[in-house]
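Accompanying notes for the structure given below.
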Amino acid sequence: MQGSVTMYSTTWCGYCRRLKSQMDREGIAYTEINIEQDPESAAFVEKANGGNQTVPTVLVVPSNGGQNVVMTNPSLAQVKQALAV
């Protein structure tokens with residue numbers, strides 16, 4: 001079973017669009033949250049990035065109960081590696 005992936009993004013973020021298309025191609029399911037419409041998520045992204053609203057910020061919750069991984073602008077390989085933990 002695959003873990004869960006949450007991508008915190010904005011509508012104008014080119015890096016977000018690129019990562020989404022890569023994950024779509026690889027069949028990696030994810031939930032996308034627009035931080036401009038969700039203040040709570042924006043606060044999570046700021047906390048993860050030293051006060052900056054840097055996107056994409058990706059939260060991976062591994063299916064094996066391992067430690068959650070938060071990454072800023074990760075590559076597809078980094079997302080896949082975090083899911084494999």
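Following the order of the structure tokens, chains are lettered A, B, ..., residues in each are numbered from 1, and ligands are numbered from 1.
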
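Every protein, DNA or RNA residue with an atom at most 10 Å from Gly66 in chain A, where only C-alpha atoms count and chain neighbours fewer than 4 positions away do not, is listed here: A:Gly3, A:Val61, A:Pro62, A:Ala82, A:Leu83, A:Val85.
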
Filtering to C-alpha atoms, could you give me those residues as a PDB file, in the first residue's frame?
```pdb
ATOM      1  CA  GLY A   3       1.442   6.189   1.731  1.00  0.00           C
ATOM      2  CA  VAL A  61       3.017  10.032   5.251  1.00  0.00           C
ATOM      3  CA  PRO A  62       4.543   6.568   4.671  1.00  0.00           C
ATOM      4  CA  ALA A  82       9.911   9.089   0.767  1.00  0.00           C
ATOM      5  CA  LEU A  83       6.967   6.859  -0.169  1.00  0.00           C
ATOM      6  CA  VAL A  85      10.444   4.352   3.384  1.00  0.00           C
TER       7      VAL A  85
END
```

Contacts of Cys16 in chain A at 9 Å (only C-alpha atoms; same-chain gap of 4+ positions) as a PyMOL selection string: chain A and resi 7-12+20-21+55-57+73

May I ask which of the residues A:Gln2, A:Ser63, A:Gln81, A:Thr54 is the closest one to Gly27 in chain A, counting only C-alpha atoms?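 Distance minimum relative to Gly27 in chain A lands on A:Gln2.
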
Neighbours of Ser75 in chain A within 10 Å (only C-alpha atoms; same-chain residues fewer than 5 positions away dropped), as a PyMOL selection string? chain A and resi 15+18-19+22-23+80-81

List every residue of chain A that DSSP, applied to the backbone, labels as strand (DSSP E), and write the result as an MDAnalysis selection string. chainID A and resid 4:9 31:34 57:61 69:72

Ranking A:Ala48, A:Val58, A:Ile35, A:Ala43 by minimum distance to Ser4 in chain A and counting only C-alpha atoms, which one comes first?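 When distances to Ser4 in chain A are compared using only C-alpha atoms, the smallest one comes from A:Val58.
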
From A:Cys13, A:Glu46, A:Glu32, A:Ala84, residue lying nearest Asn68 in chain A [only C-alpha atoms]: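 Checking each candidate against Asn68 in chain A, we get A:Ala84 as the closest.
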
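When CA of Ala29 in chain A is paired with CA of Val5 in chain A, their separation reads 6.9 Å.
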
Taking only C-alpha atoms into account, name the residue in A:Thr6, A:Gln53, A:Asn64, A:Gln37 that is nearest to Val79 in chain A.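 Of all the options, A:Thr6 lies closest to Val79 in chain A.
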
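CA of Val70 in chain A is positioned 10.8 Å from CA of Lys47 in chain A.
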
Which residue, A:Glu36, A:Tyr30, A:Gly14, A:Asp24, has the smallest gap to Leu59 in chain A when you use only C-alpha atoms? A:Tyr30

Between A:Asp38, A:Gly65, A:Thr72, A:Thr31, which has the minimum distance to Asn52 in chain A (counting only C-alpha atoms)? A:Thr72
